[in-house]
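What follows is run.cif (mmCIF, C-alpha atoms).
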```
data_run
loop_
_atom_site.label_atom_id
_atom_site.label_comp_id
_atom_site.auth_asym_id
_atom_site.auth_seq_id
_atom_site.Cartn_x
_atom_site.Cartn_y
_atom_site.Cartn_z
CA MET A 1 -32.47 39.67 -4.38
CA LYS A 2 -31.65 35.96 -4.51
CA ASN A 3 -34.30 33.73 -5.98
CA ASN A 4 -32.43 30.44 -6.36
CA THR A 5 -31.90 29.11 -2.83
CA GLU A 6 -31.16 25.57 -4.07
CA ALA A 7 -27.81 26.72 -5.44
CA ASP A 8 -26.94 28.14 -2.01
CA VAL A 9 -27.41 24.78 -0.31
CA ARG A 10 -25.08 23.03 -2.71
CA THR A 11 -22.45 25.76 -2.61
CA ASP A 12 -22.57 25.86 1.17
CA THR A 13 -22.24 22.07 1.36
CA ALA A 14 -19.44 21.97 -1.21
CA ILE A 15 -17.46 24.54 0.80
CA LYS A 16 -17.95 22.56 4.02
CA VAL A 17 -16.93 19.26 2.41
CA MET A 18 -13.87 20.88 0.81
CA ALA A 19 -12.93 22.44 4.15
CA LEU A 20 -13.13 19.01 5.79
CA PHE A 21 -11.01 17.56 2.97
CA PHE A 22 -8.34 20.20 3.43
CA VAL A 23 -8.35 19.72 7.21
CA ALA A 24 -7.66 16.02 6.56
CA ILE A 25 -4.85 16.84 4.12
CA ILE A 26 -3.29 19.31 6.58
CA PHE A 27 -3.51 16.68 9.33
CA LEU A 28 -1.74 14.16 7.07
CA ALA A 29 0.89 16.72 6.07
CA LEU A 30 1.63 17.64 9.70
CA THR A 31 1.73 14.12 11.13
CA THR A 32 3.41 12.14 8.36
CA ASP A 33 6.39 12.45 6.08
CA PRO A 34 5.77 9.82 3.39
CA ILE A 35 8.60 8.44 1.30
CA LYS A 36 7.75 7.13 -2.12
CA VAL A 37 8.29 3.42 -2.64
CA GLY A 38 10.47 2.99 -5.70
CA THR A 39 13.96 2.24 -6.94
CA LYS A 40 15.35 5.72 -7.60
CA GLU A 41 17.84 7.21 -5.16
CA GLY A 42 15.94 8.51 -2.12
CA ASP A 43 12.99 6.15 -2.58
CA ARG A 44 12.11 3.37 -0.18
CA ALA A 45 13.15 0.10 -1.78
CA PRO A 46 10.35 -2.40 -2.42
CA MET A 47 10.54 -5.67 -0.52
CA LEU A 48 12.35 -8.54 -2.21
CA GLU A 49 10.38 -11.75 -2.12
CA GLY A 50 10.88 -15.38 -3.00
CA LYS A 51 12.82 -18.46 -2.02
CA ALA A 52 16.43 -17.80 -1.08
CA TYR A 53 19.45 -20.09 -1.16
CA ASN A 54 22.19 -19.55 1.42
CA GLY A 55 24.54 -22.38 0.46
CA SER A 56 22.80 -25.12 2.34
CA SER A 57 19.04 -24.86 1.72
CA TRP A 58 16.19 -22.85 0.18
CA TYR A 59 14.06 -20.83 2.57
CA GLU A 60 11.51 -17.97 2.48
CA PHE A 61 13.41 -14.70 2.13
CA ASP A 62 12.47 -11.80 4.41
CA MET A 63 14.19 -8.52 3.54
CA ASP A 64 13.14 -7.02 6.90
CA ASN A 65 15.80 -9.19 8.52
CA TYR A 66 18.45 -7.11 6.73
CA LEU A 67 17.05 -3.68 7.67
CA THR A 68 17.36 -1.45 10.73
CA LYS A 69 14.17 0.61 10.72
CA ASN A 70 15.32 3.18 13.30
CA TRP A 71 18.71 3.79 11.69
CA THR A 72 19.90 7.39 11.49
CA ALA A 73 22.31 8.81 8.92
CA GLY A 74 25.94 8.51 10.00
CA ASP A 75 25.30 5.58 12.35
CA SER A 76 27.91 2.96 11.42
CA ASP A 77 26.19 0.14 13.35
CA GLY A 78 23.44 -0.41 10.79
CA GLN A 79 24.14 -2.93 8.06
CA TRP A 80 23.88 -1.79 4.45
CA LEU A 81 22.72 -3.90 1.57
CA VAL A 82 23.80 -4.40 -2.02
CA VAL A 83 21.19 -5.99 -4.25
CA GLU A 84 22.33 -7.40 -7.57
CA PHE A 85 19.81 -8.29 -10.25
CA MET A 86 21.36 -10.94 -12.47
CA ASP A 87 20.63 -13.81 -14.81
CA THR A 88 22.79 -16.91 -14.68
CA ASP A 89 22.82 -16.97 -18.50
CA CYS A 90 23.70 -13.30 -18.96
CA PRO A 91 27.34 -13.05 -20.16
CA PHE A 92 27.88 -9.70 -18.39
CA CYS A 93 26.67 -11.20 -15.11
CA VAL A 94 28.96 -14.21 -15.50
CA ARG A 95 31.90 -11.90 -16.25
CA SER A 96 31.23 -9.68 -13.22
CA ALA A 97 30.65 -12.61 -10.84
CA ASP A 98 34.28 -12.57 -9.67
CA ASP A 99 34.21 -8.82 -8.82
CA MET A 100 30.90 -9.29 -6.99
CA GLY A 101 32.44 -12.10 -4.99
CA TYR A 102 35.54 -10.07 -4.09
CA ASP A 103 33.46 -7.03 -3.07
CA ALA A 104 31.09 -9.19 -1.01
CA GLU A 105 33.90 -10.93 0.85
CA TYR A 106 35.50 -7.59 1.72
CA PHE A 107 32.45 -5.49 2.62
CA MET A 108 30.68 -8.33 4.46
CA LYS A 109 33.93 -8.51 6.50
CA LEU A 110 34.51 -12.14 5.60
CA ARG A 111 38.06 -11.28 4.42
CA ALA A 112 40.46 -8.70 5.83
CA SER A 113 41.64 -7.55 2.42
CA HIS A 114 40.19 -6.92 -1.02
CA GLN A 115 41.53 -9.33 -3.64
CA THR A 116 41.71 -6.87 -6.53
CA ASN A 117 42.67 -3.88 -4.33
CA PRO A 118 45.40 -5.43 -2.17
CA GLY A 119 46.51 -2.04 -0.85
CA MET A 120 43.27 -1.64 1.09
CA GLY A 121 43.37 -2.43 4.78
CA PRO A 122 40.56 -4.18 6.63
CA TRP A 123 37.16 -2.63 5.92
CA ASP A 124 36.43 -0.09 8.68
CA GLY A 125 32.95 0.85 7.54
CA PRO A 126 29.63 -0.81 8.30
CA VAL A 127 28.89 -4.37 7.23
CA VAL A 128 27.47 -4.33 3.71
CA ASN A 129 25.46 -7.47 3.02
CA PHE A 130 25.17 -8.71 -0.55
CA ILE A 131 22.11 -10.32 -2.11
CA ALA A 132 21.64 -11.55 -5.66
CA SER A 133 18.19 -11.76 -7.20
CA ALA A 134 18.52 -14.32 -10.00
CA THR A 135 16.00 -13.88 -12.76
CA GLU A 136 15.35 -15.44 -16.16
CA LEU A 137 15.37 -12.85 -18.94
CA ASP A 138 12.93 -13.30 -21.82
CA ILE A 139 15.72 -14.12 -24.27
CA PRO A 140 16.17 -17.45 -26.08
CA GLY A 141 18.83 -19.56 -24.38
CA HIS A 142 18.31 -17.91 -20.99
CA GLU A 143 16.32 -20.77 -19.46
CA THR A 144 17.33 -21.19 -15.82
CA SER A 145 16.32 -23.15 -12.75
CA GLN A 146 17.01 -23.32 -9.02
CA ASP A 147 19.68 -25.95 -9.79
CA GLU A 148 21.39 -23.51 -12.13
CA ILE A 149 21.25 -20.75 -9.51
CA VAL A 150 22.86 -23.12 -7.00
CA ALA A 151 25.48 -24.11 -9.58
CA PHE A 152 26.27 -20.46 -10.36
CA ARG A 153 26.56 -19.47 -6.70
CA ASP A 154 28.52 -22.50 -5.53
CA LYS A 155 30.50 -23.09 -8.75
CA SER A 156 29.32 -26.66 -8.77
CA GLY A 157 27.28 -29.17 -10.74
CA GLU A 158 26.83 -29.81 -14.44
CA GLU A 159 24.64 -26.81 -15.24
CA VAL A 160 25.48 -24.45 -18.08
CA CYS A 161 25.62 -20.66 -17.53
CA ALA A 162 25.91 -18.51 -20.69
CA ASP A 163 27.21 -21.41 -22.83
CA ASN A 164 29.87 -22.44 -20.31
CA ALA A 165 29.85 -24.67 -17.26
CA CYS A 166 28.65 -22.72 -14.24
CA ALA A 167 31.38 -24.40 -12.23
CA GLU A 168 33.95 -22.80 -14.53
CA ARG A 169 32.86 -19.19 -14.09
CA ALA A 170 35.51 -16.70 -12.93
CA GLY A 171 36.08 -16.03 -9.24
CA GLN A 172 35.33 -18.09 -6.18
CA ALA A 173 32.08 -19.59 -4.92
CA HIS A 174 29.89 -16.86 -3.46
CA ARG A 175 28.99 -16.76 0.22
CA PHE A 176 25.98 -14.46 -0.06
CA VAL A 177 22.29 -15.23 -0.53
CA TYR A 178 20.69 -15.86 -3.93
CA ILE A 179 16.95 -15.29 -4.37
CA ASP A 180 14.95 -17.26 -6.93
CA ASP A 181 13.34 -14.58 -9.14
CA ILE A 182 12.79 -16.80 -12.15
CA ASP A 183 9.20 -15.48 -12.37
CA GLN A 184 10.65 -11.90 -12.63
CA ASP A 185 8.38 -10.62 -9.81
CA ASN A 186 11.21 -8.75 -8.04
CA MET A 187 12.71 -7.54 -11.29
CA LYS A 188 9.41 -6.02 -12.42
CA GLU A 189 8.68 -4.45 -9.04
CA TRP A 190 12.16 -2.90 -8.96
CA LYS A 191 11.75 -1.80 -12.60
CA VAL A 192 15.10 -3.27 -13.58
CA PRO A 193 15.74 -2.59 -17.28
CA GLY A 194 18.44 -5.23 -17.75
CA THR A 195 21.06 -7.31 -15.98
CA PRO A 196 23.32 -6.89 -14.19
CA ALA A 197 21.86 -4.01 -12.17
CA TYR A 198 23.02 -2.99 -8.70
CA PHE A 199 21.37 -1.11 -5.84
CA LEU A 200 22.97 0.09 -2.62
CA ILE A 201 20.37 0.23 0.15
CA GLN A 202 20.76 2.13 3.42
CA PRO A 203 20.07 0.22 6.66
CA ASP A 204 16.64 1.91 6.89
CA GLY A 205 15.63 0.61 3.45
CA ILE A 206 16.17 3.80 1.43
CA VAL A 207 17.88 3.46 -1.95
CA ALA A 208 21.24 5.27 -1.64
CA TRP A 209 22.72 4.46 -5.04
CA THR A 210 21.80 2.66 -8.24
CA SER A 211 24.00 1.52 -11.09
CA THR A 212 21.47 2.81 -13.63
CA GLU A 213 21.76 6.37 -12.28
CA ASN A 214 25.56 6.17 -11.88
CA THR A 215 26.84 4.31 -14.90
CA GLN A 216 30.43 5.55 -14.44
CA GLU A 217 30.75 4.30 -10.87
CA THR A 218 31.29 0.71 -9.70
CA VAL A 219 29.64 -0.89 -6.66
CA PHE A 220 33.02 -0.80 -4.89
CA GLU A 221 33.43 2.93 -5.53
CA ALA A 222 29.86 3.67 -4.48
CA ILE A 223 30.23 1.85 -1.15
CA MET A 224 33.52 3.63 -0.48
CA ARG A 225 31.97 7.01 -1.28
CA ILE A 226 28.59 6.70 0.45
CA THR A 227 28.91 4.54 3.56
CA PRO A 228 30.24 6.08 6.80
CA GLN A 229 33.80 5.02 7.64
CA GLU A 230 35.82 5.57 10.77
CA ALA A 231 39.05 6.74 9.12
CA MET B 1 0.43 4.56 20.53
CA ILE B 2 -3.24 3.54 20.75
CA ASP B 3 -3.95 -0.01 19.58
CA GLN B 4 -5.11 0.59 16.03
CA ASN B 5 -7.64 -2.22 16.28
CA LEU B 6 -9.39 -0.38 19.12
CA LEU B 7 -9.93 2.51 16.72
CA LEU B 8 -11.89 0.14 14.50
CA ILE B 9 -14.71 0.32 17.04
CA ALA B 10 -14.89 4.06 16.40
CA TYR B 11 -15.70 3.23 12.78
CA ILE B 12 -17.93 0.21 13.40
CA VAL B 13 -20.28 2.11 15.75
CA PRO B 14 -21.36 4.92 13.34
CA ILE B 15 -21.57 2.51 10.40
CA VAL B 16 -23.79 0.06 12.30
CA PHE B 17 -25.86 2.89 13.83
CA GLY B 18 -26.22 4.51 10.40
CA LEU B 19 -27.28 1.20 8.87
CA VAL B 20 -29.84 0.65 11.61
CA LEU B 21 -31.31 4.10 10.96
CA MET B 22 -31.67 3.20 7.27
CA THR B 23 -33.52 -0.07 7.87
CA LYS B 24 -36.85 -1.05 9.41
CA ALA B 25 -35.07 -1.47 12.73
CA GLY B 26 -34.53 2.27 12.63
CA ASP B 27 -38.29 2.92 12.91
CA GLY B 28 -38.35 1.72 16.52
CA LEU B 29 -35.10 3.50 17.29
CA GLY B 30 -36.45 6.70 15.70
CA ALA B 31 -39.61 6.47 17.80
CA SER B 32 -37.64 6.07 21.01
CA LEU B 33 -35.30 8.91 20.10
CA SER B 34 -38.04 11.23 18.85
CA GLY B 35 -38.73 12.39 22.43
CA ARG B 36 -35.25 13.89 22.50
CA GLU B 37 -35.06 14.76 18.79
CA PRO B 38 -38.58 15.10 17.30
CA LEU B 39 -37.30 15.27 13.70
CA LEU B 40 -36.16 11.65 13.90
CA LYS B 41 -39.75 10.41 13.72
CA HIS B 42 -39.60 11.06 9.97
CA ALA B 43 -38.27 8.10 7.98
CA ARG B 44 -36.49 10.30 5.43
CA ARG B 45 -34.67 12.33 8.08
CA ARG B 46 -33.59 9.15 9.88
CA HIS B 47 -32.43 7.69 6.59
CA MET B 48 -30.36 10.72 5.62
CA LEU B 49 -28.87 10.98 9.12
CA GLY B 50 -27.83 7.33 8.81
CA MET B 51 -26.30 7.96 5.38
CA ASN B 52 -24.42 11.02 6.59
CA LEU B 53 -22.99 9.02 9.50
CA VAL B 54 -21.85 6.16 7.25
CA VAL B 55 -20.32 8.51 4.67
CA LEU B 56 -18.48 10.45 7.37
CA ALA B 57 -17.14 7.19 8.86
CA GLY B 58 -16.06 6.11 5.36
CA PHE B 59 -14.26 9.41 4.83
CA VAL B 60 -12.46 9.28 8.17
CA VAL B 61 -11.43 5.64 7.75
CA SER B 62 -10.05 6.54 4.30
CA VAL B 63 -7.97 9.32 5.89
CA HIS B 64 -6.80 6.78 8.46
CA THR B 65 -5.69 4.27 5.78
CA LEU B 66 -3.77 7.01 3.97
CA TRP B 67 -2.15 7.99 7.27
CA ILE B 68 -1.14 4.36 7.85
CA SER B 69 0.27 4.13 4.29
CA ASN B 70 2.34 7.26 4.90
CA LYS B 71 3.60 6.00 8.27
CA ILE B 72 4.62 2.67 6.73
CA SER B 73 6.52 4.49 3.98
CA GLU B 74 8.44 6.33 6.72
CA GLY B 75 9.55 2.90 7.94
CA GLY B 76 7.19 2.56 10.90
CA ASN B 77 5.02 -0.34 12.01
CA VAL B 78 1.43 0.70 12.64
CA CYS B 79 -0.73 -2.41 12.60
CA SER B 80 1.67 -5.17 11.74
CA SER B 81 0.58 -8.60 12.85
CA ALA B 82 1.53 -12.21 12.27
CA THR B 83 -2.17 -13.04 11.92
CA VAL B 84 -4.22 -12.67 8.74
CA PHE B 85 -5.34 -9.20 9.94
CA SER B 86 -2.29 -7.09 9.14
CA CYS B 87 -2.95 -3.80 7.41
CA ASP B 88 0.79 -3.03 7.38
CA ASP B 89 1.38 -5.93 5.00
CA VAL B 90 -1.46 -4.82 2.73
CA LEU B 91 -0.93 -1.04 2.75
CA GLY B 92 2.84 -1.44 2.71
CA ASN B 93 2.89 -3.65 -0.36
CA ALA B 94 4.10 -1.39 -3.17
CA GLN B 95 2.72 -3.76 -5.77
CA TYR B 96 -0.88 -3.30 -4.62
CA ASN B 97 -1.15 -0.16 -2.49
CA THR B 98 -1.76 2.30 -5.32
CA ASP B 99 -4.33 2.28 -8.10
CA PRO B 100 -3.06 0.86 -11.39
CA VAL B 101 -4.16 3.89 -13.49
CA PHE B 102 -3.03 7.05 -11.68
CA GLY B 103 -0.73 5.52 -9.07
CA LEU B 104 -2.67 7.21 -6.24
CA PRO B 105 -2.81 5.55 -2.80
CA TRP B 106 -6.15 3.78 -2.27
CA GLY B 107 -6.76 5.85 0.88
CA MET B 108 -6.61 9.04 -1.20
CA ILE B 109 -9.12 7.59 -3.67
CA GLY B 110 -11.38 6.72 -0.73
CA MET B 111 -11.12 10.31 0.49
CA PHE B 112 -12.20 11.66 -2.91
CA ALA B 113 -15.02 9.12 -3.23
CA PHE B 114 -16.44 9.64 0.26
CA GLY B 115 -15.94 13.40 -0.06
CA ALA B 116 -18.14 13.39 -3.17
CA LEU B 117 -20.70 11.15 -1.44
CA MET B 118 -20.66 13.47 1.56
CA PHE B 119 -21.49 16.39 -0.73
CA ILE B 120 -24.44 14.44 -2.14
CA THR B 121 -25.85 13.21 1.17
CA ASN B 122 -25.40 16.58 2.89
CA SER B 123 -26.95 18.52 0.03
CA VAL B 124 -29.92 16.18 -0.22
CA SER B 125 -30.39 16.20 3.57
CA LYS B 126 -30.65 19.98 3.54
CA GLU B 127 -32.82 20.26 0.45
CA PRO B 128 -34.64 16.91 0.11
CA ASP B 129 -37.42 18.26 -2.09
CA ALA B 130 -35.20 20.09 -4.57
CA LEU B 131 -35.59 19.18 -8.22
CA TRP B 132 -32.03 17.85 -8.30
CA ALA B 133 -32.24 15.78 -5.11
CA GLU B 134 -33.55 12.57 -6.67
CA LYS B 135 -31.04 12.88 -9.52
CA TYR B 136 -28.19 13.34 -7.02
CA LEU B 137 -29.28 10.23 -5.13
CA LYS B 138 -29.07 8.31 -8.40
CA TYR B 139 -25.55 9.66 -9.01
CA GLY B 140 -24.65 8.47 -5.51
CA MET B 141 -26.00 5.02 -6.28
CA TYR B 142 -24.01 4.84 -9.54
CA MET B 143 -20.85 5.98 -7.76
CA THR B 144 -21.14 3.40 -4.98
CA ALA B 145 -22.12 0.69 -7.50
CA PHE B 146 -18.97 1.57 -9.49
CA GLY B 147 -17.06 1.06 -6.22
CA VAL B 148 -18.17 -2.58 -5.97
CA PRO B 149 -15.89 -3.99 -8.73
CA ILE B 150 -13.05 -1.87 -7.32
CA ILE B 151 -13.69 -3.43 -3.90
CA ALA B 152 -13.63 -6.86 -5.59
CA LEU B 153 -10.23 -5.98 -7.11
CA LEU B 154 -8.89 -4.93 -3.70
CA ILE B 155 -10.22 -8.11 -2.09
CA SER B 156 -8.46 -10.11 -4.83
CA TYR B 157 -5.23 -8.33 -3.82
CA GLU B 158 -5.83 -9.31 -0.19
CA ILE B 159 -6.42 -12.92 -1.24
CA ALA B 160 -3.17 -12.85 -3.24
CA MET B 161 -1.31 -11.48 -0.19
CA GLU B 162 -3.19 -13.79 2.22
CA LYS B 163 -3.64 -10.78 4.49
CA ILE B 164 -6.61 -8.57 5.35
CA CYS B 165 -6.48 -4.84 5.98
CA GLN B 166 -9.17 -4.22 8.57
CA PHE B 167 -9.38 -0.47 7.89
CA CYS B 168 -9.73 -0.99 4.16
CA THR B 169 -12.48 -3.53 4.85
CA MET B 170 -14.29 -0.94 6.96
CA ALA B 171 -14.19 1.53 4.03
CA HIS B 172 -15.48 -1.21 1.71
CA ILE B 173 -18.36 -1.92 4.11
CA ALA B 174 -19.16 1.81 4.29
CA ASN B 175 -19.36 1.91 0.47
CA VAL B 176 -21.69 -1.09 0.32
CA VAL B 177 -23.91 0.34 3.09
CA CYS B 178 -24.05 3.63 1.13
CA LEU B 179 -25.05 1.72 -2.01
CA PHE B 180 -27.89 0.20 -0.02
CA GLY B 181 -28.76 3.64 1.37
CA PHE B 182 -28.96 5.28 -2.07
CA TRP B 183 -31.02 2.38 -3.42
CA ARG B 184 -33.41 2.57 -0.47
CA ALA B 185 -33.71 6.35 -0.86
CA GLY B 186 -34.88 5.71 -4.43
CA LYS B 187 -37.43 3.19 -3.16
CA MET B 188 -38.65 5.72 -0.57
CA HIS B 189 -39.26 8.17 -3.40
CA GLU B 190 -41.23 5.52 -5.29
CA GLU B 191 -43.26 4.51 -2.24
CA GLY B 192 -44.06 8.10 -1.26
CA LEU B 193 -42.16 7.85 2.03
CA TRP B 194 -39.81 10.70 1.17
CA ASN B 195 -41.92 13.56 2.54
CA ASP B 196 -41.97 14.60 6.19
CA GLU B 197 -45.69 13.84 6.36
CA ALA B 198 -45.03 10.26 5.31
CA PRO B 199 -44.82 8.63 8.77
CA ALA B 200 -48.45 9.37 9.48
CA GLU B 201 -49.49 7.98 6.09
CA ALA B 202 -47.32 4.97 6.58
CA GLU B 203 -48.81 4.34 9.99
CA ASN B 204 -52.30 4.64 8.48
CA LYS B 205 -51.32 2.10 5.86
CA LYS B 206 -50.15 -0.24 8.62
CA ASP B 207 -53.43 0.19 10.47
CA ASP B 208 -55.36 -0.70 7.29
#
```

For the structure just supplied, provide its representation as structure tokens.
Amino acid sequence: MKNNTEADVRTDTAIKVMALFFVAIIFLALTTDPIKVGTKEGDRAPMLEGKAYNGSSWYEFDMDNYLTKNWTAGDSDGQWLVVEFMDTDCPFCVRSADDMGYDAEYFMKLRASHQTNPGMGPWDGPVVNFIASATELDIPGHETSQDEIVAFRDKSGEEVCADNACAERAGQAHRFVYIDDIDQDNMKEWKVPGTPAYFLIQPDGIVAWTSTENTQETVFEAIMRITPQEA
Amino acid sequence: MIDQNLLLIAYIVPIVFGLVLMTKAGDGLGASLSGREPLLKHARRRHMLGMNLVVLAGFVVSVHTLWISNKISEGGNVCSSATVFSCDDVLGNAQYNTDPVFGLPWGMIGMFAFGALMFITNSVSKEPDALWAEKYLKYGMYMTAFGVPIIALLISYEIAMEKICQFCTMAHIANVVCLFGFWRAGKMHEEGLWNDEAPAEAENKKDD
């Protein structure tokens, strides 16, 4: 015969509360399909924030303007996004600036041909927008500024990028947007280990490819492999 | 979809009603309702009913915030607004929408917290004179008091984002009301108002 009825009350209550908890979890599982926010392939990319320079002025950047929330896989109307994390004083970033420029011109459909792949016809895939997030790495000699970002992008001014004049860097002036990430906010949120780092983002904001997970593949090759093309 | 802000009323009503039942204003309400529900004439029963209502509202609003977080991660807009009240901006901000230790969404933490509080308030309601009841009420007070600095941290996030998540605020209010409820339950123990016979004694005291 039971003689401790107090224990029954607590057990009974615990079972009821747990049942309610599991009902809530089942409701969430049935009505939602959450995608983790992160920077690995398959994650939802975090929002990029900060002032952006488009060649004429600095303005508040809104990544939502580049996304198509209701995009479905295979739809070639949605615009893709390449995000480059770079530092204007990082020698690797300076060296790859020309390739970035050529890729951007081609995939943003600003040029009909690719400068280093002349055999390619006009790009028949979706528009792939390019964005550079310019940070300042915690390394001596890597001090940067908005003026230096402008100089790097436009190949202009007297600023110095990685011991050389920014205006003298390889390639042409870029025609894509540069975000001021001197405070490293974006870089930390995207968990970027070093520069340059590249991310290919689907129109719906999901990370499709990262250079850190595909070290043997270039941005050009990744876009060609992953984005839907008509031919 | 239903306007999410309309659903706020569904949370405000039980929280306000629960708070009223816990305060002096609840005495009059209890007296008027005692014709329909005689047990409500007892201060302790009114108090625990109020606490159970607030805890349940806190639990449900926590589930709702987790649901909103999940929907935002799918790419949807649930309660996006250009005004300062925009829970999409708060719950969708990856920098702030999970706790810094375990990386759990805040809504999930709210579910655990209010689930534990629900266990305490329900158990004490059913067995108010048990030896463990007073101790459990103290645990509840410590838990909700521990929630206050966490609420302060979340408010600091909202200030940093210059946005307010109305649903999160509702859960914060529910926690603070519960803190008050657990504190007042302790006072009722001290003042001898915990027993069912107490209303008569209290009324006698008033008459004196």

Q. Just how far from atom CA of Asp185 of chain A is atom CA of Glu168 of chain A, in Å to one decimal?
A.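 The value is 28.7 Å.
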
Q.
Quick check: residues of chain B within 9 Å of chain A, all atoms listed in the file, returned as a PyMOL selection string.
A. chain B and resi 59-60+63+66-67+69-76+93-95+111-112+115-116+118-120+122-124+126-127+130-132

Q | For atom CA of Ala73 of chain A and atom CA of Lys109 of chain A, the interatomic separation in Å (one decimal) | A |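 Atom-to-atom, atom CA of Ala73 of chain A to atom CA of Lys109 of chain A, that is 21.0 Å.
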
Q: Apply the PyMOL selection byres ((chain B and resi 189) around 12) to the displayed file and report the matching residues as a list of chain:residue names.
A: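 With the PyMOL selection byres ((chain B and resi 189) around 12) on this model, the match is B:Ala43, B:Arg44, B:Pro128, B:Asp129, B:Ala133, B:Glu134, B:Lys135, B:Leu137, B:Lys138, B:Phe182, B:Trp183, B:Arg184, B:Ala185, B:Gly186, B:Lys187, B:Met188, B:Glu190, B:Glu191, B:Gly192, B:Leu193, B:Trp194, B:Asn195, B:Asp196, B:Ala198.
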
**Q.** Nearest candidate to Val78 of chain B (options B:Asn175, B:Ser156, B:Gln4, B:Ser32; using only C-alpha atoms)
**A.** B:Gln4

Q. What is the atom CA of Asp87 of chain A-atom CA of Ala134 of chain A distance in Å, reported with one decimal?
A.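 Result for atom CA of Asp87 of chain A versus atom CA of Ala134 of chain A: 5.3 Å, one decimal.
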
Using only C-alpha atoms, find each residue of segment 62-133 of chain A with at least one atom at most 9 Å away from an atom of segment 169-172 of chain A; report its shortest atom-to-atom pair and that distance in Å (one decimal), sort the rows by chain and rising residue number, and return the result as JSON lines.
```
{"residue": "A:Val94", "atom": "CA", "partner": "A:Arg169", "partner_atom": "CA", "distance": 6.5}
{"residue": "A:Arg95", "atom": "CA", "partner": "A:Ala170", "partner_atom": "CA", "distance": 6.9}
{"residue": "A:Ser96", "atom": "CA", "partner": "A:Ala170", "partner_atom": "CA", "distance": 8.2}
{"residue": "A:Ala97", "atom": "CA", "partner": "A:Gly171", "partner_atom": "CA", "distance": 6.6}
{"residue": "A:Asp98", "atom": "CA", "partner": "A:Gly171", "partner_atom": "CA", "distance": 3.9}
{"residue": "A:Asp99", "atom": "CA", "partner": "A:Gly171", "partner_atom": "CA", "distance": 7.5}
{"residue": "A:Met100", "atom": "CA", "partner": "A:Gly171", "partner_atom": "CA", "distance": 8.8}
{"residue": "A:Gly101", "atom": "CA", "partner": "A:Gln172", "partner_atom": "CA", "distance": 6.8}
{"residue": "A:Tyr102", "atom": "CA", "partner": "A:Gly171", "partner_atom": "CA", "distance": 7.9}
```

**Q.** Nearest residue to Phe199 of chain A from the set A:Thr88, A:Asn129, A:Asn164, A:Ser145 (distances using all atoms listed in the file)
**A.**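 Ranked by minimum distance to Phe199 of chain A, first place goes to A:Asn129.
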
Q) With distances taken over all atoms listed in the file, which of A:Val23, A:Ile201, A:Val219, A:Val127 is nearest to Asp77 of chain A? A)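 Among the listed residues, the smallest separation from Asp77 of chain A belongs to A:Val127.
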
Q: Apply the PyMOL selection byres ((chain A and resi 104) around 12) to the structure shown and report the selected residues as a count of residues only.
A: 40

Q: Can you work out which one of B:Val55, B:His47, B:Asn77, B:Ile150 has the shortest atom-to-atom distance to Phe114 of chain B, counting all atoms listed in the file?
A: B:Val55

**Q.** Picked residues, the PyMOL selection byres ((chain B and resi 147) around 10), as an MDAnalysis selection string
**A.** chainID B and resid 110 113 141:146 148:153 172 175:176 179

Q: Check the smallest atom-to-atom distance from each of A:Trp209, A:Tyr178, A:Phe152, A:Phe22 to Phe61 of chain A using all atoms listed in the file, then report the winner.
A: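 Smallest separation from Phe61 of chain A among the options: A:Tyr178.
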
Q. Which of these residues is nearest to Cys79 of chain B, using only C-alpha atoms: B:Leu117, B:Tyr11, B:Asp3, B:Leu56?
A.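 Distance minimum relative to Cys79 of chain B lands on B:Asp3.
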
Q) Any idea what's packed within 7 Å of Ala151 of chain A, counting only C-alpha atoms, ignoring anything in its chain fewer than 6 positions away? Could you give it as a PyMOL selection string? A) chain A and resi 157+159+166-167

So which residues fall inside 9 Å of (21.5, -5.5, -12.4) if we count only C-alpha atoms? Mind giving them as an mmCIF file with C-alpha atoms, in the frame of the given file?
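Below you can see out.cif, which holds the result:
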```cif
data_model
loop_
_atom_site.group_PDB
_atom_site.id
_atom_site.type_symbol
_atom_site.label_atom_id
_atom_site.label_comp_id
_atom_site.auth_asym_id
_atom_site.auth_seq_id
_atom_site.Cartn_x
_atom_site.Cartn_y
_atom_site.Cartn_z
ATOM 1 C CA VAL A 83 21.190 -5.990 -4.250
ATOM 2 C CA GLU A 84 22.330 -7.400 -7.570
ATOM 3 C CA PHE A 85 19.810 -8.290 -10.250
ATOM 4 C CA MET A 86 21.360 -10.940 -12.470
ATOM 5 C CA ASP A 87 20.630 -13.810 -14.810
ATOM 6 C CA CYS A 93 26.670 -11.200 -15.110
ATOM 7 C CA SER A 133 18.190 -11.760 -7.200
ATOM 8 C CA VAL A 192 15.100 -3.270 -13.580
ATOM 9 C CA PRO A 193 15.740 -2.590 -17.280
ATOM 10 C CA GLY A 194 18.440 -5.230 -17.750
ATOM 11 C CA THR A 195 21.060 -7.310 -15.980
ATOM 12 C CA PRO A 196 23.320 -6.890 -14.190
ATOM 13 C CA ALA A 197 21.860 -4.010 -12.170
ATOM 14 C CA TYR A 198 23.020 -2.990 -8.700
ATOM 15 C CA PHE A 199 21.370 -1.110 -5.840
ATOM 16 C CA SER A 211 24.000 1.520 -11.090
ATOM 17 C CA THR A 212 21.470 2.810 -13.630
#
```

Q. Could you pull the residues within 10 Å of segment 84-90 of chain B, counting all atoms listed in the file, minus those fewer than 6 positions along the same chain, as a ChimeraX atom specification?
A. /B:4-5,65,68-69,71-72,76-78,96-97,154,157-158,161-169

Q | Spatial sel., origin (38.0, 5.0, 13.1), limit 10 Å, only C-alpha atoms, listed as a list in words | A |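 Those residues, ordered by chain and then number, are Asp124, Gly125, Gln229, Glu230 and Ala231 of chain A.
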